[in-house]
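Asker: To be precise about what I am sending: the file is called start_10.pdb and holds PDB, C-alpha atoms and all ligand atoms.
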```pdb
ATOM      1  CA  MET Z   1     -26.000  21.139   3.383
ATOM      2  CA  LYS Z   2     -27.104  17.743   2.010
ATOM      3  CA  HIS Z   3     -23.617  16.442   2.840
ATOM      4  CA  ILE Z   4     -23.836  17.709   6.449
ATOM      5  CA  LEU Z   5     -27.273  16.116   6.911
ATOM      6  CA  LYS Z   6     -25.945  12.795   5.607
ATOM      7  CA  ASP Z   7     -22.980  12.946   8.011
ATOM      8  CA  LEU Z   8     -25.298  13.804  10.877
ATOM      9  CA  LEU Z   9     -27.550  10.876  10.025
ATOM     10  CA  LEU Z  10     -24.573   8.516   9.964
ATOM     11  CA  VAL Z  11     -23.292   9.775  13.312
ATOM     12  CA  LEU Z  12     -26.785   9.274  14.773
ATOM     13  CA  LEU Z  13     -26.854   5.742  13.354
ATOM     14  CA  VAL Z  14     -23.496   4.944  14.957
ATOM     15  CA  PHE Z  15     -24.705   6.316  18.300
ATOM     16  CA  ALA Z  16     -27.906   4.275  17.969
ATOM     17  CA  ALA Z  17     -25.788   1.168  17.344
ATOM     18  CA  LEU Z  18     -23.702   2.001  20.428
ATOM     19  CA  LEU Z  19     -26.807   2.497  22.557
ATOM     20  CA  LEU Z  20     -28.162  -0.835  21.352
ATOM     21  CA  LEU Z  21     -24.883  -2.534  22.254
ATOM     22  CA  PHE Z  22     -24.895  -1.067  25.729
ATOM     23  CA  PHE Z  23     -28.527  -2.059  26.154
ATOM     24  CA  LEU Z  24     -27.709  -5.639  25.121
ATOM     25  CA  PHE Z  25     -24.734  -5.619  27.466
ATOM     26  CA  TYR Z  26     -26.915  -4.370  30.305
ATOM     27  CA  ARG Z  27     -29.554  -7.034  29.673
ATOM     28  CA  ALA Z  28     -26.992  -9.798  29.368
ATOM     29  CA  ARG Z  29     -24.940  -9.056  32.475
ATOM     30  CA  GLY Z  30     -23.396 -12.293  33.668
ATOM     31  CA  ASN Z  31     -23.014 -13.506  30.100
ATOM     32  CA  THR Z  32     -19.230 -13.548  29.918
ATOM     33  CA  GLY Z  33     -19.171 -14.483  26.215
ATOM     34  CA  LEU Z  34     -21.021 -11.309  25.256
ATOM     35  CA  ALA Z  35     -18.971  -9.254  27.699
ATOM     36  CA  VAL Z  36     -15.764 -10.493  26.039
ATOM     37  CA  ILE Z  37     -17.110  -9.680  22.552
ATOM     38  CA  LEU Z  38     -18.097  -6.199  23.724
ATOM     39  CA  ALA Z  39     -14.724  -5.679  25.356
ATOM     40  CA  LEU Z  40     -13.035  -6.672  22.094
ATOM     41  CA  PHE Z  41     -15.267  -4.187  20.322
ATOM     42  CA  ILE Z  42     -14.803  -1.291  22.717
ATOM     43  CA  LEU Z  43     -11.134  -1.693  23.709
ATOM     44  CA  PRO Z  44      -9.633  -0.894  20.285
ATOM     45  CA  ASN Z  45     -11.647   2.351  20.248
ATOM     46  CA  ILE Z  46     -10.250   3.294  23.626
ATOM     47  CA  ALA Z  47      -6.784   2.228  22.415
ATOM     48  CA  ALA Z  48      -7.031   4.533  19.394
ATOM     49  CA  PHE Z  49      -7.700   7.440  21.767
ATOM     50  CA  ILE Z  50      -4.984   6.424  24.227
ATOM     51  CA  TYR Z  51      -2.390   6.105  21.455
ATOM     52  CA  GLY Z  52      -3.350   9.594  20.385
ATOM     53  CA  VAL Z  53      -4.836   8.988  16.972
ATOM     54  CA  PRO Z  54      -8.564   9.590  17.250
ATOM     55  CA  PHE Z  55     -10.733   9.755  14.152
ATOM     56  CA  VAL Z  56     -10.386  13.234  12.656
ATOM     57  CA  PRO Z  57     -11.249  13.260   8.954
ATOM     58  CA  THR Z  58      -9.104  15.091   6.430
ATOM     59  CA  PRO Z  59     -11.130  17.861   4.752
ATOM     60  CA  MET Z  60     -12.288  16.789   1.287
ATOM     61  CA  ALA Z  61     -10.441  19.708  -0.343
ATOM     62  CA  ALA Z  62      -7.191  18.479   1.227
ATOM     63  CA  VAL Z  63      -7.949  14.877   0.178
ATOM     64  CA  LYS Z  64      -8.159  16.049  -3.448
ATOM     65  CA  ILE Z  65      -4.765  17.782  -3.139
ATOM     66  CA  MET Z  66      -3.241  14.654  -1.551
ATOM     67  CA  LEU Z  67      -4.525  12.442  -4.367
ATOM     68  CA  GLU Z  68      -3.180  14.845  -6.972
ATOM     69  CA  ALA Z  69       0.205  15.071  -5.216
ATOM     70  CA  ALA Z  70       0.461  11.269  -5.113
ATOM     71  CA  GLY Z  71       0.471  11.084  -8.924
ATOM     72  CA  LEU Z  72      -1.916   8.119  -8.949
ATOM     73  CA  LYS Z  73      -2.282   5.911 -12.024
ATOM     74  CA  PRO Z  74      -5.126   3.466 -12.779
ATOM     75  CA  GLY Z  75      -4.625  -0.020 -11.342
ATOM     76  CA  GLN Z  76      -2.100   1.052  -8.692
ATOM     77  CA  ILE Z  77      -2.351  -0.365  -5.177
ATOM     78  CA  VAL Z  78      -3.126   2.262  -2.573
ATOM     79  CA  TYR Z  79      -3.549   2.100   1.210
ATOM     80  CA  ASP Z  80      -4.819   4.607   3.726
ATOM     81  CA  ILE Z  81      -3.376   3.514   7.064
ATOM     82  CA  GLY Z  82      -5.873   4.551   9.719
ATOM     83  CA  CYS Z  83      -8.532   5.266   7.120
ATOM     84  CA  GLY Z  84     -11.292   6.766   9.284
ATOM     85  CA  ASP Z  85     -14.439   6.835   7.151
ATOM     86  CA  GLY Z  86     -12.394   5.751   4.138
ATOM     87  CA  ARG Z  87     -12.832   8.966   2.154
ATOM     88  CA  ILE Z  88      -9.288   8.889   0.721
ATOM     89  CA  VAL Z  89      -9.466   5.372  -0.744
ATOM     90  CA  TYR Z  90     -13.045   5.989  -1.896
ATOM     91  CA  LEU Z  91     -12.086   9.097  -3.918
ATOM     92  CA  ALA Z  92      -8.835   7.508  -5.108
ATOM     93  CA  ALA Z  93     -10.722   4.518  -6.546
ATOM     94  CA  LYS Z  94     -13.497   6.677  -8.010
ATOM     95  CA  ASP Z  95     -11.405   9.445  -9.583
ATOM     96  CA  TYR Z  96      -8.147   7.617 -10.407
ATOM     97  CA  GLY Z  97      -9.199   3.970 -10.885
ATOM     98  CA  VAL Z  98      -6.727   2.654  -8.308
ATOM     99  CA  ARG Z  99      -7.201  -0.421  -6.091
ATOM    100  CA  GLY Z 100      -7.686   1.204  -2.714
ATOM    101  CA  THR Z 101      -7.754  -0.383   0.742
ATOM    102  CA  GLY Z 102      -8.395   1.479   3.976
ATOM    103  CA  LEU Z 103      -7.124  -0.038   7.229
ATOM    104  CA  GLU Z 104      -8.950   0.920  10.410
ATOM    105  CA  LEU Z 105      -8.337  -0.187  13.992
ATOM    106  CA  SER Z 106     -11.440   1.176  15.662
ATOM    107  CA  PRO Z 107     -14.487  -1.065  15.039
ATOM    108  CA  ILE Z 108     -16.900   1.841  15.426
ATOM    109  CA  VAL Z 109     -15.064   3.931  12.850
ATOM    110  CA  TYR Z 110     -14.709   0.813  10.678
ATOM    111  CA  LEU Z 111     -18.492   0.343  10.768
ATOM    112  CA  LEU Z 112     -18.975   3.989   9.822
ATOM    113  CA  ALA Z 113     -16.575   3.501   6.904
ATOM    114  CA  ARG Z 114     -18.381   0.366   5.717
ATOM    115  CA  LEU Z 115     -21.702   2.186   5.941
ATOM    116  CA  ARG Z 116     -20.417   5.204   4.029
ATOM    117  CA  HIS Z 117     -18.811   3.016   1.377
ATOM    118  CA  PHE Z 118     -22.059   1.117   0.972
ATOM    119  CA  PHE Z 119     -23.979   4.357   0.322
ATOM    120  CA  TRP Z 120     -21.196   5.751  -1.864
ATOM    121  CA  ARG Z 121     -21.164   2.480  -3.883
ATOM    122  CA  SER Z 122     -17.442   2.559  -3.352
ATOM    123  CA  LYS Z 123     -15.055   0.319  -5.256
ATOM    124  CA  ALA Z 124     -12.443   0.571  -2.487
ATOM    125  CA  GLY Z 125     -12.121  -1.942   0.349
ATOM    126  CA  ILE Z 126     -12.059  -1.337   4.092
ATOM    127  CA  LYS Z 127     -10.264  -3.747   6.432
ATOM    128  CA  LEU Z 128     -10.657  -3.881  10.195
ATOM    129  CA  GLY Z 129      -7.300  -4.227  11.918
ATOM    130  CA  ASN Z 130      -4.021  -2.703  12.951
ATOM    131  CA  PHE Z 131      -1.896  -1.321  10.116
ATOM    132  CA  ASN Z 132       1.140  -2.772  11.861
ATOM    133  CA  TRP Z 133      -0.165  -6.205  10.814
ATOM    134  CA  GLN Z 134      -0.272  -5.275   7.130
ATOM    135  CA  ASP Z 135       2.531  -6.009   4.678
ATOM    136  CA  PHE Z 136       3.021  -2.987   2.380
ATOM    137  CA  SER Z 137       5.342  -4.598  -0.150
ATOM    138  CA  ASP Z 138       2.677  -4.396  -2.897
ATOM    139  CA  ALA Z 139       1.823  -0.711  -2.226
ATOM    140  CA  ASP Z 140       2.328   1.972  -4.851
ATOM    141  CA  VAL Z 141       1.069   4.725  -2.560
ATOM    142  CA  VAL Z 142       0.406   4.883   1.180
ATOM    143  CA  PHE Z 143      -1.649   7.745   2.632
ATOM    144  CA  CYS Z 144      -1.705   8.663   6.302
ATOM    145  CA  TYR Z 145      -2.903  11.226   8.783
ATOM    146  CA  LEU Z 146      -1.300  10.110  12.052
ATOM    147  CA  THR Z 147       0.544  11.733  14.938
ATOM    148  CA  PRO Z 148       4.331  12.384  14.812
ATOM    149  CA  ASP Z 149       5.067   9.671  17.400
ATOM    150  CA  VAL Z 150       3.117   7.061  15.453
ATOM    151  CA  LEU Z 151       4.870   8.128  12.235
ATOM    152  CA  THR Z 152       8.259   7.731  13.928
ATOM    153  CA  LYS Z 153       7.354   4.161  14.899
ATOM    154  CA  LEU Z 154       6.162   3.485  11.346
ATOM    155  CA  GLU Z 155       9.284   4.768   9.570
ATOM    156  CA  HIS Z 156      11.257   1.568   9.876
ATOM    157  CA  LYS Z 157       8.384  -0.715   8.822
ATOM    158  CA  LEU Z 158       7.557   1.319   5.719
ATOM    159  CA  GLN Z 159      11.227   1.766   4.813
ATOM    160  CA  ALA Z 160      11.726  -1.993   5.015
ATOM    161  CA  GLU Z 161       8.585  -3.033   3.145
ATOM    162  CA  LEU Z 162       7.885  -0.431   0.446
ATOM    163  CA  LYS Z 163       9.226  -1.107  -3.027
ATOM    164  CA  PRO Z 164      11.438   1.434  -4.832
ATOM    165  CA  GLY Z 165       9.404   4.197  -6.480
ATOM    166  CA  SER Z 166       6.454   3.878  -4.097
ATOM    167  CA  ARG Z 167       5.192   7.032  -2.439
ATOM    168  CA  VAL Z 168       3.935   8.027   1.003
ATOM    169  CA  VAL Z 169       1.651  11.039   1.411
ATOM    170  CA  SER Z 170       1.161  12.350   4.938
ATOM    171  CA  TYR Z 171      -1.347  14.988   5.979
ATOM    172  CA  ILE Z 172       0.028  17.666   8.360
ATOM    173  CA  TYR Z 173       2.718  15.575  10.096
ATOM    174  CA  GLN Z 174       6.055  14.613   8.617
ATOM    175  CA  PHE Z 175       8.282  11.561   8.917
ATOM    176  CA  ARG Z 176      11.147  13.017  10.935
ATOM    177  CA  SER Z 177      14.076  11.182   9.365
ATOM    178  CA  TRP Z 178      12.877  11.069   5.753
ATOM    179  CA  LYS Z 179      13.646  13.674   3.100
ATOM    180  CA  GLU Z 180      10.463  14.828   1.413
ATOM    181  CA  LYS Z 181      10.087  14.905  -2.378
ATOM    182  CA  GLN Z 182       7.496  17.666  -2.228
ATOM    183  CA  VAL Z 183       5.522  19.725   0.289
ATOM    184  CA  VAL Z 184       2.140  21.110  -0.696
ATOM    185  CA  VAL Z 185       0.420  23.744   1.426
ATOM    186  CA  PHE Z 186      -3.307  23.456   2.004
ATOM    187  CA  SER Z 187      -5.126  26.501   3.435
ATOM    188  CA  GLU Z 188      -8.534  26.501   5.068
ATOM    189  CA  GLY Z 189     -10.271  28.898   7.474
ATOM    190  CA  GLY Z 190      -7.242  31.210   7.595
ATOM    191  CA  ARG Z 191      -4.880  28.376   8.606
ATOM    192  CA  SER Z 192      -2.317  26.486   6.548
ATOM    193  CA  TYR Z 193      -1.504  22.799   6.706
ATOM    194  CA  ARG Z 194       1.279  20.880   4.989
ATOM    195  CA  ILE Z 195       0.971  17.763   2.904
ATOM    196  CA  TRP Z 196       4.230  15.806   2.835
ATOM    197  CA  VAL Z 197       5.071  13.648  -0.180
ATOM    198  CA  TYR Z 198       7.866  11.067   0.019
ATOM    199  CA  GLU Z 199       9.227   8.681  -2.584
ATOM    200  CA  LYS Z 200      11.314   5.610  -1.883
TER     201      LYS Z 200
HETATM  202  C1  LIG Q   1      -6.653  11.243  12.173
HETATM  203  S1  LIG Q   1      -7.667   9.895  11.639
HETATM  204  C2  LIG Q   1      -7.443   9.967   9.872
HETATM  205  C3  LIG Q   1      -8.594   9.325   9.092
HETATM  206  C4  LIG Q   1      -8.401   9.306   7.582
HETATM  207  N1  LIG Q   1      -7.111   8.780   7.201
HETATM  208  C5  LIG Q   1      -8.560  10.666   6.986
HETATM  209  O1  LIG Q   1      -7.526  11.238   6.601
HETATM  210  O2  LIG Q   1      -9.692  11.178   6.898
HETATM  211  C6  LIG Q   1      -6.647   8.502  12.137
HETATM  212  C7  LIG Q   1      -7.369   7.156  12.120
HETATM  213  O3  LIG Q   1      -6.394   6.128  12.311
HETATM  214  C8  LIG Q   1      -6.994   5.091  13.074
HETATM  215  N2  LIG Q   1      -5.899   4.320  13.679
HETATM  216  C9  LIG Q   1      -5.107   4.704  14.716
HETATM  217  N3  LIG Q   1      -4.188   3.758  14.967
HETATM  218  C10 LIG Q   1      -4.403   2.761  14.062
HETATM  219  C11 LIG Q   1      -3.766   1.490  13.805
HETATM  220  N4  LIG Q   1      -2.724   1.091  14.535
HETATM  221  N5  LIG Q   1      -4.244   0.715  12.798
HETATM  222  C12 LIG Q   1      -5.304   1.122  12.041
HETATM  223  N6  LIG Q   1      -5.944   2.306  12.242
HETATM  224  C13 LIG Q   1      -5.494   3.109  13.238
HETATM  225  C14 LIG Q   1      -7.879   5.810  14.060
HETATM  226  O4  LIG Q   1      -8.897   4.974  14.589
HETATM  227  C15 LIG Q   1      -8.432   6.955  13.184
HETATM  228  O5  LIG Q   1      -9.648   6.606  12.577
END
```
Mind turning this structure into structure tokens?
Answerer:
Amino acid sequence: MKHILKDLLLVLLVFAALLLLFFLFYRARGNTGLAVILALFILPNIAAFIYGVPFVPTPMAAVKIMLEAAGLKPGQIVYDIGCGDGRIVYLAAKDYGVRGTGLELSPIVYLLARLRHFFWRSKAGIKLGNFNWQDFSDADVVFCYLTPDVLTKLEHKLQAELKPGSRVVSYIYQFRSWKEKQVVVFSEGGRSYRIWVYEK
């Protein structure tokens, strides 16, 4: 219950920030500088929706299974590509002592993640930007919860950059041309979801 209230409060805060932005935009009509900044802020959010990967958080119970399946060891370098509120890298850093970084394209979701990590006193980092700009050659584990089409586009990049022995853990959707090392089934509310574990 406390958790739900906290989430609700954060969502309200994000909406309040949005309202404030629109109010500022409204007041400053004709100010092209501000309009450009706002466009830069809003467009990536729209892009995330258009490209079909909106912010849908992985349930905490599934996050715990994903972390366990990844076989994390202290000090390892871990990314969540499209990190949403950053819950995966937060728990990974807290419970396994890894160096976690969440990458998030949508500025609104990024702000939510920064806010949550501030209140969680998280040791993980959150970076605003497109995961296609990130070099994953130092990664020990990469987590993701993205659509099949996005995963297909990512296959080549990850294959080229990841070092031997590194792992990729994907919630629900699989990488079509990779052979999984393990599949773990997560059940919630009468439905089952797969967690795909790959090793290079
Ligand atoms: C389905 S959510 C998963 C959130 C988080 N990984 C989790 O499991 O709770 C996907 C997230 O990826 C982000 N995203 C989509 N495309 C992205 C990109 N190219 N670079 C960085 N983040 C991206 C979206 O904004 C969204 O927050």
Asker: Do you have the atom CA of Z:Tyr193-atom CA of Z:Tyr171 distance handy?
Answerer: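 It comes out at 7.8 Å.
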Asker: Which of these residues is nearest to Z:Leu115, using only C-alpha atoms: Z:Asp95, Z:Asp140, Z:Asp85, Z:Asp135?
Answerer: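 Going through Z:Asp95, Z:Asp140, Z:Asp85, Z:Asp135 one by one, the smallest distance to Z:Leu115 is for Z:Asp85.
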Asker: Output as CSV one row per residue of chain Z within 9 Å of ligand LIG 1 (chain Q): the closest atom pair and its distance in Å to one decimal place, counting all atoms listed in the file, sorted by chain and residue number ascending.
Answerer:
```
residue,atom,partner,partner_atom,distance
Z:Pro44,CA,Q:LIG1,O4,8.2
Z:Asn45,CA,Q:LIG1,O4,6.8
Z:Ala47,CA,Q:LIG1,N3,8.0
Z:Ala48,CA,Q:LIG1,C9,5.1
Z:Phe49,CA,Q:LIG1,O4,7.7
Z:Tyr51,CA,Q:LIG1,N3,7.1
Z:Gly52,CA,Q:LIG1,C9,7.7
Z:Val53,CA,Q:LIG1,C9,4.8
Z:Pro54,CA,Q:LIG1,C15,4.8
Z:Phe55,CA,Q:LIG1,O5,3.7
Z:Val56,CA,Q:LIG1,C1,4.3
Z:Pro57,CA,Q:LIG1,O2,3.3
Z:Thr58,CA,Q:LIG1,O2,4.0
Z:Pro59,CA,Q:LIG1,O2,7.2
Z:Met60,CA,Q:LIG1,O2,8.3
Z:Val63,CA,Q:LIG1,O1,7.4
Z:Asp80,CA,Q:LIG1,N1,5.9
Z:Ile81,CA,Q:LIG1,C12,5.8
Z:Gly82,CA,Q:LIG1,O3,3.1
Z:Cys83,CA,Q:LIG1,N1,3.8
Z:Gly84,CA,Q:LIG1,O5,3.7
Z:Asp85,CA,Q:LIG1,O2,6.4
Z:Gly86,CA,Q:LIG1,C4,6.4
Z:Arg87,CA,Q:LIG1,O2,6.1
Z:Ile88,CA,Q:LIG1,C5,6.6
Z:Val89,CA,Q:LIG1,N1,9.0
Z:Gly102,CA,Q:LIG1,N1,8.1
Z:Leu103,CA,Q:LIG1,C12,5.3
Z:Glu104,CA,Q:LIG1,N6,3.8
Z:Leu105,CA,Q:LIG1,C12,3.8
Z:Ser106,CA,Q:LIG1,O4,4.7
Z:Pro107,CA,Q:LIG1,O4,8.2
Z:Ile108,CA,Q:LIG1,O4,8.6
Z:Val109,CA,Q:LIG1,O5,6.0
Z:Tyr110,CA,Q:LIG1,O5,7.9
Z:Lys127,CA,Q:LIG1,C12,8.9
Z:Leu128,CA,Q:LIG1,C12,7.6
Z:Gly129,CA,Q:LIG1,C12,5.7
Z:Asn130,CA,Q:LIG1,N5,3.4
Z:Phe131,CA,Q:LIG1,N5,4.1
Z:Asn132,CA,Q:LIG1,N4,6.1
Z:Trp133,CA,Q:LIG1,N5,8.3
Z:Phe143,CA,Q:LIG1,N1,7.2
Z:Cys144,CA,Q:LIG1,N1,5.5
Z:Tyr145,CA,Q:LIG1,C2,4.8
Z:Leu146,CA,Q:LIG1,C1,5.5
Z:Thr147,CA,Q:LIG1,C1,7.7
Z:Val150,CA,Q:LIG1,N3,8.0
Z:Ser170,CA,Q:LIG1,O1,8.9
Z:Tyr171,CA,Q:LIG1,O1,7.3
```
Asker: Select all residues near (-14.0, -1.1, 2.8) (cut-off 8 Å, inclusive, file coordinates), counting all atoms listed in the file, and output them as a PyMOL selection string.
Answerer: chain Z and resi 86+101-102+113-114+117+122+124-127
Asker: Written as a list in words, which residues does the PyMOL selection byres (((chain Z and resi 181) around 10) and not hetatm) give for the file shown?
Answerer: Arg167, Val168, Trp178, Lys179, Glu180, Gln182, Val183, Trp196, Val197, Tyr198, Glu199 and Lys200 of chain Z
Asker: Do you know which residues lie at most 12 Å from (10.9, 0.2, -2.4), with coordinates as in the file and all atoms listed in the file counted, and could you write them as a list in words?
Answerer: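 Nearby residues: Phe136, Ser137, Asp138, Ala139, Asp140, Val141, Lys157, Leu158, Gln159, Ala160, Glu161, Leu162, Lys163, Pro164, Gly165, Ser166, Arg167, Val168, Tyr198, Glu199 and Lys200 of chain Z.
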Asker: Do you have the atom CA of Z:Ile195-atom CA of Z:Pro148 distance handy?
Answerer: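 Calculated distance between atom CA of Z:Ile195 and atom CA of Z:Pro148 is 13.5 Å.
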Asker: For stretch 44-146 of chain Z versus stretch 184-187 of chain Z, which residues have an atom no more than 9 Å away, and what is each residue's nearest atom pair and distance in Å rounded to one decimal, using only C-alpha atoms, chain-then-number order, as CSV?
Answerer:
```
residue,atom,partner,partner_atom,distance
Z:Ala61,CA,Z:Phe186,CA,8.4
Z:Ala62,CA,Z:Phe186,CA,6.4
Z:Ile65,CA,Z:Phe186,CA,7.8
Z:Met66,CA,Z:Val184,CA,8.4
Z:Ala69,CA,Z:Val184,CA,7.8
```
Asker: Between atom CA of Z:Gln76 and atom CA of Z:Lys94, what is the distance, to one decimal in Å?
Answerer: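 It comes out at 12.7 Å.
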Asker: I'd like the neighbourhood of stretch 70-73 of chain Z as a PDB file with C-alpha atoms, in the coordinates of the input, where a residue qualifies if any of its atoms comes within 7 Å (using only C-alpha atoms), though same-chain residues fewer than 6 positions away should be ignored.
Answerer:
```
ATOM      1  CA  TYR Z  96      -8.147   7.617 -10.407  1.00  0.00           C
ATOM      2  CA  VAL Z  98      -6.727   2.654  -8.308  1.00  0.00           C
ATOM      3  CA  ARG Z 167       5.192   7.032  -2.439  1.00  0.00           C
ATOM      4  CA  VAL Z 169       1.651  11.039   1.411  1.00  0.00           C
TER       5      VAL Z 169
END
```
Asker: Which centre and edge lengths in Å to one decimal define the box along x, y and z that fits every listed atom of stretch 182-189 of chain Z plus 5 Å per side, as AutoDock Vina command-line options?
Answerer:
```
--center_x -1.4 --center_y 23.3 --center_z 2.6 --size_x 27.8 --size_y 21.2 --size_z 19.7
```
Asker: Would you mind putting back N, CA and C atoms on stretch 140-160 of chain Z, then writing it out as a CSV table (one decimal), keeping the file's coordinate frame?
Answerer:
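result_24.csv, written as the output of this step:
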```
chain,number,residue,atom,x,y,z
Z,140,ASP,N,1.8,0.9,-4.0
Z,140,ASP,CA,2.3,2.0,-4.9
Z,140,ASP,C,2.3,3.3,-4.1
Z,141,VAL,N,1.2,3.5,-3.3
Z,141,VAL,CA,1.1,4.7,-2.6
Z,141,VAL,C,0.4,4.4,-1.2
Z,142,VAL,N,1.0,5.0,-0.2
Z,142,VAL,CA,0.4,4.9,1.2
Z,142,VAL,C,0.0,6.3,1.7
Z,143,PHE,N,-1.2,6.5,2.1
Z,143,PHE,CA,-1.6,7.7,2.6
Z,143,PHE,C,-1.7,7.6,4.1
Z,144,CYS,N,-1.5,8.7,4.9
Z,144,CYS,CA,-1.7,8.7,6.3
Z,144,CYS,C,-2.0,10.0,6.9
Z,145,TYR,N,-2.7,10.0,8.0
Z,145,TYR,CA,-2.9,11.2,8.8
Z,145,TYR,C,-2.8,10.7,10.2
Z,146,LEU,N,-1.6,10.7,10.7
Z,146,LEU,CA,-1.3,10.1,12.1
Z,146,LEU,C,-0.4,11.1,12.8
Z,147,THR,N,-0.2,10.8,14.1
Z,147,THR,CA,0.5,11.7,14.9
Z,147,THR,C,2.1,11.5,14.7
Z,148,PRO,N,2.9,12.5,15.0
Z,148,PRO,CA,4.3,12.4,14.8
Z,148,PRO,C,4.9,11.1,15.5
Z,149,ASP,N,4.5,10.8,16.7
Z,149,ASP,CA,5.1,9.7,17.4
Z,149,ASP,C,4.7,8.4,16.7
Z,150,VAL,N,3.5,8.3,16.2
Z,150,VAL,CA,3.1,7.1,15.5
Z,150,VAL,C,3.9,7.0,14.1
Z,151,LEU,N,4.1,8.1,13.5
Z,151,LEU,CA,4.9,8.1,12.2
Z,151,LEU,C,6.3,7.7,12.5
Z,152,THR,N,6.9,8.1,13.6
Z,152,THR,CA,8.3,7.7,13.9
Z,152,THR,C,8.4,6.2,14.1
Z,153,LYS,N,7.3,5.6,14.7
Z,153,LYS,CA,7.4,4.2,14.9
Z,153,LYS,C,7.2,3.4,13.6
Z,154,LEU,N,6.5,4.1,12.6
Z,154,LEU,CA,6.2,3.5,11.3
Z,154,LEU,C,7.3,3.6,10.3
Z,155,GLU,N,8.2,4.5,10.6
Z,155,GLU,CA,9.3,4.8,9.6
Z,155,GLU,C,10.0,3.5,9.2
Z,156,HIS,N,10.4,2.7,10.2
Z,156,HIS,CA,11.3,1.6,9.9
Z,156,HIS,C,10.5,0.5,9.1
Z,157,LYS,N,9.2,0.3,9.5
Z,157,LYS,CA,8.4,-0.7,8.8
Z,157,LYS,C,8.2,-0.3,7.3
Z,158,LEU,N,7.8,0.9,7.1
Z,158,LEU,CA,7.6,1.3,5.7
Z,158,LEU,C,8.8,1.3,4.9
Z,159,GLN,N,9.9,1.8,5.5
Z,159,GLN,CA,11.2,1.8,4.8
Z,159,GLN,C,11.6,0.3,4.4
Z,160,ALA,N,11.3,-0.6,5.3
Z,160,ALA,CA,11.7,-2.0,5.0
Z,160,ALA,C,10.8,-2.7,4.0
```
